[in-house]
>>> print(open('run-v1.txt').read())   # compact mmCIF, C-alpha atoms
# COMPACT_ATOMS: atom_id res chain seq x y z
CA MET A 1 -30.96 -44.55 -31.41
CA THR A 2 -32.57 -45.44 -34.74
CA SER A 3 -32.23 -49.17 -34.05
CA LYS A 4 -33.89 -48.65 -30.66
CA ILE A 5 -36.87 -46.92 -32.30
CA THR A 6 -37.05 -49.65 -34.95
CA LEU A 7 -36.99 -52.36 -32.29
CA SER A 8 -39.75 -50.57 -30.32
CA ALA A 9 -41.85 -50.32 -33.49
CA ILE A 10 -41.39 -54.04 -34.21
CA VAL A 11 -42.27 -54.99 -30.63
CA ALA A 12 -45.36 -52.75 -30.83
CA LEU A 13 -46.28 -54.46 -34.10
CA VAL A 14 -45.96 -57.93 -32.55
CA GLY A 15 -47.85 -56.89 -29.41
CA GLY A 16 -50.60 -55.15 -31.35
CA GLY A 17 -50.97 -58.06 -33.75
CA ALA A 18 -51.13 -60.61 -30.92
CA ALA A 19 -53.69 -58.53 -29.02
CA LEU A 20 -55.89 -58.08 -32.09
CA THR A 21 -55.70 -61.79 -32.94
CA TYR A 22 -56.62 -62.76 -29.38
CA GLU A 23 -59.51 -60.26 -29.25
CA GLY A 24 -60.76 -61.44 -32.64
CA LEU A 25 -60.76 -65.09 -31.56
CA LYS A 26 -62.46 -64.22 -28.25
CA ARG A 27 -65.22 -62.30 -30.00
CA TRP A 28 -65.65 -65.06 -32.56
CA LYS A 29 -66.08 -67.63 -29.78
CA LEU A 30 -68.67 -65.41 -28.07
CA PHE A 31 -70.47 -64.88 -31.37
CA GLN A 32 -70.60 -68.64 -31.98
CA ASN A 33 -71.84 -69.23 -28.45
CA ILE A 34 -74.62 -66.65 -28.75
CA HIS A 35 -75.53 -67.84 -32.23
CA LYS A 36 -75.92 -71.47 -31.11
CA THR A 37 -77.98 -70.76 -27.99
CA ILE A 38 -81.74 -70.56 -28.34
CA THR A 39 -83.53 -67.72 -26.56
CA SER A 40 -85.61 -69.10 -23.68
CA LYS A 41 -88.01 -67.88 -21.05
CA VAL A 42 -86.96 -67.58 -17.42
CA VAL A 43 -89.53 -70.23 -16.47
CA SER A 44 -88.34 -72.79 -18.99
CA ALA A 45 -84.62 -72.02 -19.29
CA PRO A 46 -82.36 -74.97 -18.54
CA ILE A 47 -80.11 -74.76 -15.51
CA GLY A 48 -76.37 -75.40 -15.69
CA GLU A 49 -76.09 -74.64 -19.38
CA SER A 50 -75.42 -71.70 -21.62
CA VAL A 51 -78.68 -69.76 -21.58
CA GLU A 52 -80.00 -66.79 -23.44
CA ILE A 53 -82.99 -64.84 -22.17
CA ARG A 54 -84.59 -61.63 -23.25
CA SER A 55 -86.33 -59.99 -20.33
CA LYS A 56 -87.02 -56.77 -18.54
CA VAL A 57 -85.36 -55.24 -15.52
CA PHE A 58 -87.53 -55.90 -12.50
CA SER A 59 -87.77 -54.06 -9.23
CA PHE A 60 -90.47 -53.55 -6.66
CA PRO A 61 -91.53 -49.89 -6.62
CA GLU A 62 -90.37 -49.49 -3.02
CA ASP A 63 -86.85 -50.63 -3.96
CA LEU A 64 -86.20 -47.99 -6.60
CA THR A 65 -83.17 -45.85 -5.98
CA VAL A 66 -81.87 -42.56 -7.38
CA SER A 67 -78.59 -42.54 -9.30
CA PRO A 68 -76.28 -39.90 -7.82
CA LEU A 69 -74.92 -38.49 -11.08
CA THR A 70 -77.93 -38.35 -13.33
CA GLN A 71 -80.56 -38.18 -10.57
CA THR A 72 -82.57 -40.88 -12.34
CA LYS A 73 -85.02 -43.03 -10.45
CA CYS A 74 -83.85 -46.51 -11.34
CA ALA A 75 -83.72 -50.14 -10.28
CA ALA A 76 -79.93 -50.06 -10.03
CA TYR A 77 -76.88 -48.17 -11.18
CA THR A 78 -73.27 -49.17 -11.64
CA TRP A 79 -70.14 -47.03 -11.49
CA GLU A 80 -66.83 -47.64 -13.13
CA ILE A 81 -64.22 -45.30 -11.72
CA GLU A 82 -61.18 -44.79 -13.91
CA GLU A 83 -58.01 -42.90 -13.13
CA TRP A 84 -55.97 -41.02 -15.70
CA LYS A 85 -52.50 -42.55 -15.73
CA GLU A 86 -49.58 -41.17 -17.64
CA ASP A 87 -46.66 -43.48 -18.28
CA ILE A 88 -43.78 -41.02 -18.32
CA LYS A 89 -41.26 -43.45 -19.84
CA TYR A 90 -43.26 -44.30 -22.96
CA TYR A 91 -45.85 -41.51 -22.71
CA ARG A 92 -48.89 -43.70 -23.00
CA PRO A 93 -51.65 -41.86 -21.15
CA THR A 94 -54.66 -44.08 -20.53
CA TRP A 95 -57.75 -44.35 -18.40
CA GLU A 96 -57.18 -47.20 -15.96
CA LEU A 97 -60.04 -48.86 -14.13
CA CYS A 98 -59.41 -48.40 -10.42
CA SER A 99 -62.74 -49.25 -8.85
CA LYS A 100 -66.21 -50.58 -9.58
CA TYR A 101 -69.34 -49.99 -7.61
CA ASN A 102 -72.81 -51.46 -7.96
CA SER A 103 -75.75 -50.00 -6.09
CA ILE A 104 -77.07 -53.54 -5.58
CA PRO A 105 -75.24 -56.86 -5.87
CA TYR A 106 -77.85 -58.57 -8.01
CA LEU A 107 -80.03 -57.22 -10.76
CA TYR A 108 -83.35 -58.95 -11.30
CA PHE A 109 -85.04 -59.70 -14.59
CA SER A 110 -88.54 -60.85 -15.39
CA ASP A 111 -90.16 -61.77 -18.68
CA ASP A 112 -93.72 -61.24 -17.46
CA GLY A 113 -93.74 -64.60 -15.76
CA LYS A 114 -93.81 -65.05 -12.02
CA GLU A 115 -90.20 -66.11 -11.75
CA LEU A 116 -87.09 -63.97 -11.81
CA ALA A 117 -83.54 -64.25 -13.02
CA ALA A 118 -80.79 -62.73 -10.87
CA VAL A 119 -77.60 -61.40 -12.46
CA ASP A 120 -74.46 -60.90 -10.43
CA LEU A 121 -73.47 -57.39 -11.50
CA ASP A 122 -69.84 -57.83 -10.41
CA GLN A 123 -69.34 -60.53 -13.02
CA SER A 124 -71.37 -59.07 -15.87
CA GLU A 125 -69.90 -57.58 -18.98
CA PHE A 126 -71.69 -55.26 -21.34
CA ILE A 127 -71.66 -55.72 -25.08
CA GLU A 128 -73.44 -52.40 -25.52
CA ASP A 129 -73.73 -49.68 -22.95
CA ILE A 130 -77.20 -49.19 -21.69
CA GLN A 131 -77.52 -45.65 -20.52
CA MET A 132 -74.17 -44.30 -19.65
CA THR A 133 -73.08 -40.93 -18.39
CA THR A 134 -69.42 -40.12 -18.06
CA VAL A 135 -68.29 -37.72 -15.40
CA GLU A 136 -64.75 -36.48 -15.02
CA VAL A 137 -63.47 -35.56 -11.60
CA THR A 138 -60.05 -34.17 -10.89
CA ASP A 139 -58.29 -34.38 -7.55
CA SER A 140 -59.33 -37.02 -5.04
CA LEU A 141 -62.78 -38.58 -4.85
CA MET B 1 -66.65 -26.32 -10.73
CA ALA B 2 -69.25 -28.27 -12.69
CA LEU B 3 -69.53 -28.10 -16.45
CA ILE B 4 -72.20 -29.60 -18.66
CA LYS B 5 -70.90 -30.51 -22.06
CA ASN B 6 -72.85 -32.61 -24.57
CA ASN B 7 -75.20 -33.75 -21.80
CA ASP B 8 -72.22 -35.05 -19.80
CA LEU B 9 -71.62 -33.65 -16.38
CA MET B 10 -67.99 -32.80 -15.76
CA ILE B 11 -66.72 -31.86 -12.35
CA VAL B 12 -63.42 -30.02 -12.29
CA SER B 13 -61.68 -28.99 -9.10
CA GLU B 14 -58.99 -26.40 -8.54
CA ASN B 15 -56.32 -29.02 -7.96
CA PHE B 16 -55.34 -30.97 -11.06
CA SER B 17 -53.08 -33.48 -9.33
CA ARG B 18 -55.29 -36.50 -10.00
CA LYS B 19 -57.96 -37.03 -12.56
CA TYR B 20 -60.81 -39.50 -12.45
CA ARG B 21 -63.62 -40.45 -14.74
CA ILE B 22 -66.85 -42.05 -13.56
CA LYS B 23 -69.02 -44.03 -15.92
CA GLU B 24 -72.52 -44.48 -14.64
CA LYS B 25 -74.87 -47.07 -16.07
CA VAL B 26 -78.49 -46.85 -15.12
CA PHE B 27 -81.00 -49.72 -15.20
CA LEU B 28 -84.57 -48.54 -15.38
CA PRO B 29 -87.43 -50.88 -14.45
CA GLY B 30 -88.87 -52.31 -17.64
CA ASP B 31 -85.67 -51.86 -19.66
CA GLU B 32 -85.51 -54.78 -22.02
CA LEU B 33 -82.17 -56.55 -22.04
CA PHE B 34 -80.67 -59.53 -23.74
CA ILE B 35 -78.76 -61.74 -21.31
CA HIS B 36 -76.36 -64.47 -22.25
CA GLY B 37 -74.56 -66.64 -19.73
CA ILE B 38 -74.40 -69.88 -17.83
CA SER B 39 -77.46 -70.28 -15.64
CA LYS B 40 -77.23 -71.82 -12.23
CA ASN B 41 -79.42 -72.53 -9.29
CA PRO B 42 -79.02 -69.76 -6.74
CA PRO B 43 -75.86 -70.77 -4.82
CA SER B 44 -75.72 -70.74 -1.05
CA SER B 45 -73.48 -67.63 -1.06
CA TYR B 46 -76.25 -65.80 -2.90
CA LEU B 47 -78.83 -66.94 -0.37
CA HIS B 48 -76.57 -65.85 2.47
CA THR B 49 -75.98 -62.47 0.87
CA ILE B 50 -79.67 -61.90 0.24
CA LEU B 51 -80.69 -63.07 3.68
CA GLY B 52 -77.93 -60.99 5.21
CA GLU B 53 -79.07 -57.95 3.28
CA ALA B 54 -82.66 -58.63 4.17
CA LYS B 55 -81.59 -58.58 7.76
CA VAL B 56 -79.48 -55.43 7.74
CA GLY B 57 -81.18 -53.52 4.95
CA ARG B 58 -79.70 -53.14 1.52
CA ARG B 59 -79.76 -49.43 1.06
CA ALA B 60 -78.96 -46.63 3.40
CA SER B 61 -82.26 -44.97 2.55
CA TYR B 62 -84.14 -47.70 4.41
CA LYS B 63 -85.19 -46.80 7.88
CA GLU B 64 -84.09 -49.01 10.70
CA GLY B 65 -86.52 -51.82 11.35
CA GLU B 66 -88.40 -51.22 8.12
CA ALA B 67 -89.63 -54.38 6.42
CA PHE B 68 -87.38 -55.20 3.52
CA SER B 69 -88.67 -56.74 0.36
CA GLU B 70 -85.51 -58.61 -0.71
CA LYS B 71 -87.06 -61.81 0.58
CA ASN B 72 -89.69 -61.40 -2.11
CA TYR B 73 -86.99 -61.54 -4.77
CA LEU B 74 -85.46 -64.60 -3.15
CA SER B 75 -88.67 -66.60 -3.28
CA LYS B 76 -89.21 -65.72 -6.94
CA THR B 77 -85.65 -66.23 -8.22
CA ARG B 78 -85.30 -69.31 -10.38
CA LEU B 79 -82.24 -68.56 -12.48
CA PHE B 80 -78.98 -67.20 -11.27
CA PHE B 81 -76.27 -65.87 -13.56
CA CYS B 82 -72.73 -65.63 -12.35
CA GLY B 83 -69.41 -65.86 -14.10
CA LYS B 84 -69.33 -64.04 -17.40
CA VAL B 85 -72.71 -62.62 -18.30
CA TYR B 86 -73.22 -60.48 -21.34
CA LEU B 87 -75.93 -57.86 -21.25
CA THR B 88 -77.02 -55.70 -24.10
CA ALA B 89 -79.86 -53.31 -24.75
CA LYS B 90 -79.68 -54.00 -28.46
CA SER B 91 -81.45 -56.83 -30.19
CA GLU B 92 -79.72 -60.18 -30.39
CA GLN B 93 -79.17 -59.69 -34.10
CA GLU B 94 -77.52 -56.29 -33.60
CA ALA B 95 -75.28 -57.68 -30.87
CA LYS B 96 -74.30 -60.60 -33.08
CA ASN B 97 -73.65 -58.33 -36.06
CA LYS B 98 -71.39 -56.12 -33.99
CA LEU B 99 -69.51 -59.10 -32.57
CA LEU B 100 -69.12 -60.64 -35.99
CA LEU B 101 -67.88 -57.41 -37.55
CA THR B 102 -65.33 -56.65 -34.83
CA SER B 103 -64.22 -60.27 -34.76
CA ILE B 104 -63.62 -60.33 -38.53
CA LEU B 105 -61.83 -56.97 -38.48
CA SER B 106 -59.59 -58.04 -35.60
CA ARG B 107 -58.84 -61.39 -37.20
CA LEU B 108 -58.07 -59.80 -40.54
CA THR B 109 -55.72 -57.17 -39.15
CA GLY B 110 -54.19 -59.04 -36.17
CA PRO B 111 -52.44 -62.02 -37.82
CA PRO B 112 -50.74 -59.99 -40.63
CA LEU B 113 -49.42 -57.50 -38.06
CA LEU B 114 -48.23 -60.37 -35.90
CA PHE B 115 -46.63 -62.11 -38.87
CA TRP B 116 -44.75 -59.04 -40.11
CA GLY B 117 -43.74 -58.07 -36.58
CA LEU B 118 -42.31 -61.54 -35.92
CA TYR B 119 -40.70 -61.60 -39.36
CA LEU B 120 -38.95 -58.29 -38.80
CA LEU B 121 -37.99 -59.29 -35.27
CA LEU B 122 -36.52 -62.63 -36.30
CA SER B 123 -35.07 -61.64 -39.70
CA PRO B 124 -31.58 -60.82 -38.33
CA PHE B 125 -31.33 -64.38 -37.01
CA ILE B 126 -32.65 -66.16 -40.12
>>> encode(input="run-v1.txt", output="structure tokens")
Amino acid sequence: MTSKITLSAIVALVGGGAALTYEGLKRWKLFQNIHKTITSKVVSAPIGESVEIRSKVFSFPEDLTVSPLTQTKCAAYTWEIEEWKEDIKYYRPTWELCSKYNSIPYLYFSDDGKELAAVDLDQSEFIEDIQMTTVEVTDSL
Amino acid sequence: MALIKNNDLMIVSENFSRKYRIKEKVFLPGDELFIHGISKNPPSSYLHTILGEAKVGRRASYKEGEAFSEKNYLSKTRLFFCGKVYLTAKSEQEAKNKLLLTSILSRLTGPPLLFWGLYLLLSPFI
């Protein structure tokens, strides 16, 4: 029994260490990539390369929508739906992503120029959350 | 039953068989964001999607036959980001600082844990 616990602890140590190392290297690579890339304008940004732009969310006034949870008039909203899963064997309860929903497929950005940048929301990843509200729902959705 | 706790809306039903959490992110017009990714020309799938949406209407709130403005976006779009795109509301410097800090912390703690874990795991065989 004791050896089983010890073995589990060692495996957890190896797994945790490997995960942390991988995450650290991934973040370092992203940091290097962001650090090396010069911030450009939408009009002058090169195509087919790593690009960095700082711009504002753009939407025509008639395309604004209302987010269902916070009732905010916005250009777009995204939902991440997570389900509470409890692993009975090891008792590791976690929130598991089960579905994603975007109110629009592409989010548009403008930096006061006449041209726009479109971002595929399905593929995007957030370094910092923008304005996030968490809602917990039990039973089925 | 709906509860409001720390400005978060929580909906709790009578049946506790399954539990879900919804995270909602809202993009307001004029929100300044920092975007990092590989830029591309709008691909044909994007054009098809946009044209398809322009045809059928993107949102349910649009009335049937109502003129849709998605075509206006299409004509203005120069850059297209797909694949991994990183968005942040913080300044570039703040985003970089956070990445650097978490990267260093992970790299400082990860390898020693991995080393000792492997050492303990393999020690009976050495």
>>> closest_atom_pairs(input="run-v1.txt", of="region 40-67 of chain A", to="region 16-32 of chain B", cutoff="10 Å", atoms="all atoms listed in the file", output="tab-separated table")
residue	atom	partner	partner_atom	distance
A:Arg54	CA	B:Glu32	CA	7.0
A:Ser55	CA	B:Glu32	CA	5.5
A:Lys56	CA	B:Glu32	CA	4.3
A:Val57	CA	B:Pro29	CA	4.9
A:Phe58	CA	B:Pro29	CA	5.4
A:Ser59	CA	B:Pro29	CA	6.1
A:Phe60	CA	B:Pro29	CA	8.8
A:Pro61	CA	B:Pro29	CA	8.9
A:Leu64	CA	B:Pro29	CA	8.5
A:Thr65	CA	B:Leu28	CA	9.9
A:Val66	CA	B:Val26	CA	9.5
A:Ser67	CA	B:Val26	CA	7.2
>>> closest_residue(input="run-v1.txt", among="A:Gln123, A:Asn33, A:Gln71, A:Ser40", to="chain B", atoms="only C-alpha atoms")
A:Gln123
>>> closest_residue(input="run-v1.txt", among="A:Lys114, A:Leu13, A:Leu121, A:Lys85", to="Tyr101 (chain A)", atoms="all atoms listed in the file")
A:Leu121
>>> residues_around(input="run-v1.txt", residues="Leu107 (chain A)", least_positions_apart="6", cutoff="7 Å", atoms="all atoms listed in the file", output="PDB file with C-alpha atoms, in the coordinates of the input")
ATOM      1  CA  ALA A 118     -80.790 -62.730 -10.870  1.00  0.00           C
ATOM      2  CA  VAL A 119     -77.600 -61.400 -12.460  1.00  0.00           C
ATOM      3  CA  ASP A 120     -74.460 -60.900 -10.430  1.00  0.00           C
ATOM      4  CA  LEU A 121     -73.470 -57.390 -11.500  1.00  0.00           C
TER       5      LEU A 121
END
>>> axis_aligned_box(input="run-v1.txt", around="region 25-43 of chain B", padding_each_side="6 Å", output="JSON")
{"center_x": -81.6, "center_y": -59.7, "center_z": -14.3, "size_x": 26.5, "size_y": 37.7, "size_z": 30.9}
>>> atom_distance(input="run-v1.txt", atom1="CA of Gly37 (chain B)", atom2="CA of Glu49 (chain A)")
8.2 Å
>>> closest_residue(input="run-v1.txt", among="B:Gln93, B:Leu33, B:Pro112, B:Leu79", to="Gly16 (chain A)", atoms="all atoms listed in the file")
B:Pro112
>>> atom_distance(input="run-v1.txt", atom1="CA of Ala12 (chain A)", atom2="CA of Leu118 (chain B)")
10.6 Å
>>> atom_distance(input="run-v1.txt", atom1="CA of Trp79 (chain A)", atom2="CA of Ile35 (chain B)")
19.7 Å
>>> closest_residue(input="run-v1.txt", among="A:Thr72, A:Ser110, A:Ser50, A:Ser103", to="chain B", atoms="all atoms listed in the file")
A:Ser50
>>> residues_around(input="run-v1.txt", residues="Trp95 (chain A)", least_positions_apart="6", cutoff="7 Å", atoms="all atoms listed in the file", output="list in words")
Glu82, Glu83, Trp84 and Lys85 of chain A
>>> closest_residue(input="run-v1.txt", among="A:Ile38, A:Leu7, A:Ala117, A:Cys98", to="chain B", atoms="all atoms listed in the file")
A:Ala117
>>> closest_residue(input="run-v1.txt", among="A:Gln32, A:Asp122, A:Ile104, A:Leu116", to="chain B", atoms="only C-alpha atoms")
A:Leu116
>>> decode(input="run-v1.txt", residues="region 12-110 of chain A", atoms="C-alpha atoms", output="compact mmCIF listing (two decimals), in the first residue's frame")
# COMPACT_ATOMS: atom_id res chain seq x y z
CA ALA A 12 2.94 12.79 -10.13
CA LEU A 13 6.33 14.43 -9.59
CA VAL A 14 7.57 13.35 -13.04
CA GLY A 15 4.30 14.36 -14.72
CA GLY A 16 4.15 17.71 -12.94
CA GLY A 17 7.78 18.46 -13.68
CA ALA A 18 7.41 17.57 -17.36
CA ALA A 19 4.25 19.68 -17.68
CA LEU A 20 5.86 22.68 -16.00
CA THR A 21 8.99 22.38 -18.16
CA TYR A 22 6.91 22.16 -21.33
CA GLU A 23 4.72 25.13 -20.32
CA GLY A 24 7.78 27.16 -19.40
CA LEU A 25 9.44 26.51 -22.76
CA LYS A 26 6.20 27.28 -24.63
CA ARG A 27 5.78 30.60 -22.84
CA TRP A 28 9.42 31.46 -23.38
CA LYS A 29 9.05 30.84 -27.12
CA LEU A 30 5.94 33.04 -27.23
CA PHE A 31 7.72 35.75 -25.24
CA GLN A 32 10.66 35.68 -27.67
CA ASN A 33 8.31 35.81 -30.63
CA ILE A 34 6.38 38.79 -29.26
CA HIS A 35 9.58 40.53 -28.20
CA LYS A 36 11.14 40.24 -31.67
CA THR A 37 8.08 41.39 -33.63
CA ILE A 38 7.65 45.10 -34.24
CA THR A 39 4.18 46.58 -33.72
CA SER A 40 2.70 47.61 -37.07
CA LYS A 41 -0.39 49.28 -38.44
CA VAL A 42 -3.07 47.28 -40.21
CA VAL A 43 -2.37 49.21 -43.43
CA SER A 44 1.35 48.54 -43.42
CA ALA A 45 1.60 45.14 -41.71
CA PRO A 46 3.37 42.49 -43.77
CA ILE A 47 1.36 39.51 -44.92
CA GLY A 48 2.47 35.93 -44.31
CA GLU A 49 4.69 36.78 -41.38
CA SER A 50 4.45 37.05 -37.64
CA VAL A 51 2.65 40.34 -37.08
CA GLU A 52 1.81 42.41 -34.07
CA ILE A 53 -0.86 45.09 -34.20
CA ARG A 54 -2.46 47.24 -31.57
CA SER A 55 -5.93 48.23 -32.64
CA LYS A 56 -9.50 48.69 -31.57
CA VAL A 57 -12.48 46.40 -31.89
CA PHE A 58 -14.56 47.56 -34.83
CA SER A 59 -18.21 47.03 -35.57
CA PHE A 60 -20.81 48.93 -37.50
CA PRO A 61 -23.45 50.28 -35.11
CA GLU A 62 -26.18 48.20 -36.76
CA ASP A 63 -24.20 45.00 -36.10
CA LEU A 64 -23.95 45.37 -32.34
CA THR A 65 -25.39 42.51 -30.37
CA VAL A 66 -26.37 41.99 -26.73
CA SER A 67 -24.51 39.40 -24.67
CA PRO A 68 -27.00 37.03 -23.04
CA LEU A 69 -25.37 36.78 -19.62
CA THR A 70 -24.28 40.31 -18.89
CA GLN A 71 -26.78 42.06 -21.17
CA THR A 72 -23.99 44.21 -22.58
CA LYS A 73 -24.29 45.81 -25.98
CA CYS A 74 -21.14 44.62 -27.68
CA ALA A 75 -19.46 43.85 -30.99
CA ALA A 76 -19.13 40.17 -30.10
CA TYR A 77 -19.11 37.75 -27.20
CA THR A 78 -17.57 34.34 -26.71
CA TRP A 79 -18.64 31.53 -24.42
CA GLU A 80 -16.55 28.77 -22.98
CA ILE A 81 -18.76 26.10 -21.47
CA GLU A 82 -17.06 23.87 -18.93
CA GLU A 83 -18.42 20.80 -17.21
CA TRP A 84 -17.50 19.77 -13.69
CA LYS A 85 -15.95 16.31 -13.90
CA GLU A 86 -15.04 14.20 -10.94
CA ASP A 87 -12.60 11.38 -11.48
CA ILE A 88 -13.79 8.87 -8.90
CA LYS A 89 -10.68 6.67 -9.09
CA TYR A 90 -8.14 9.37 -8.28
CA TYR A 91 -10.57 12.04 -7.05
CA ARG A 92 -9.35 14.81 -9.27
CA PRO A 93 -12.33 17.10 -9.78
CA THR A 94 -11.74 19.58 -12.59
CA TRP A 95 -13.57 21.91 -14.92
CA GLU A 96 -13.36 20.40 -18.39
CA LEU A 97 -14.00 22.46 -21.51
CA CYS A 98 -16.92 20.85 -23.31
CA SER A 99 -17.99 23.50 -25.79
CA LYS A 100 -17.08 26.88 -27.21
CA TYR A 101 -19.37 29.38 -28.82
CA ASN A 102 -18.65 32.65 -30.58
CA SER A 103 -21.43 35.07 -31.44
CA ILE A 104 -19.63 35.84 -34.70
CA PRO A 105 -16.92 33.85 -36.49
CA TYR A 106 -14.60 36.78 -37.09
CA LEU A 107 -13.83 39.78 -34.94
CA TYR A 108 -12.77 42.93 -36.75
CA PHE A 109 -10.13 45.41 -35.68
CA SER A 110 -9.29 48.86 -36.94
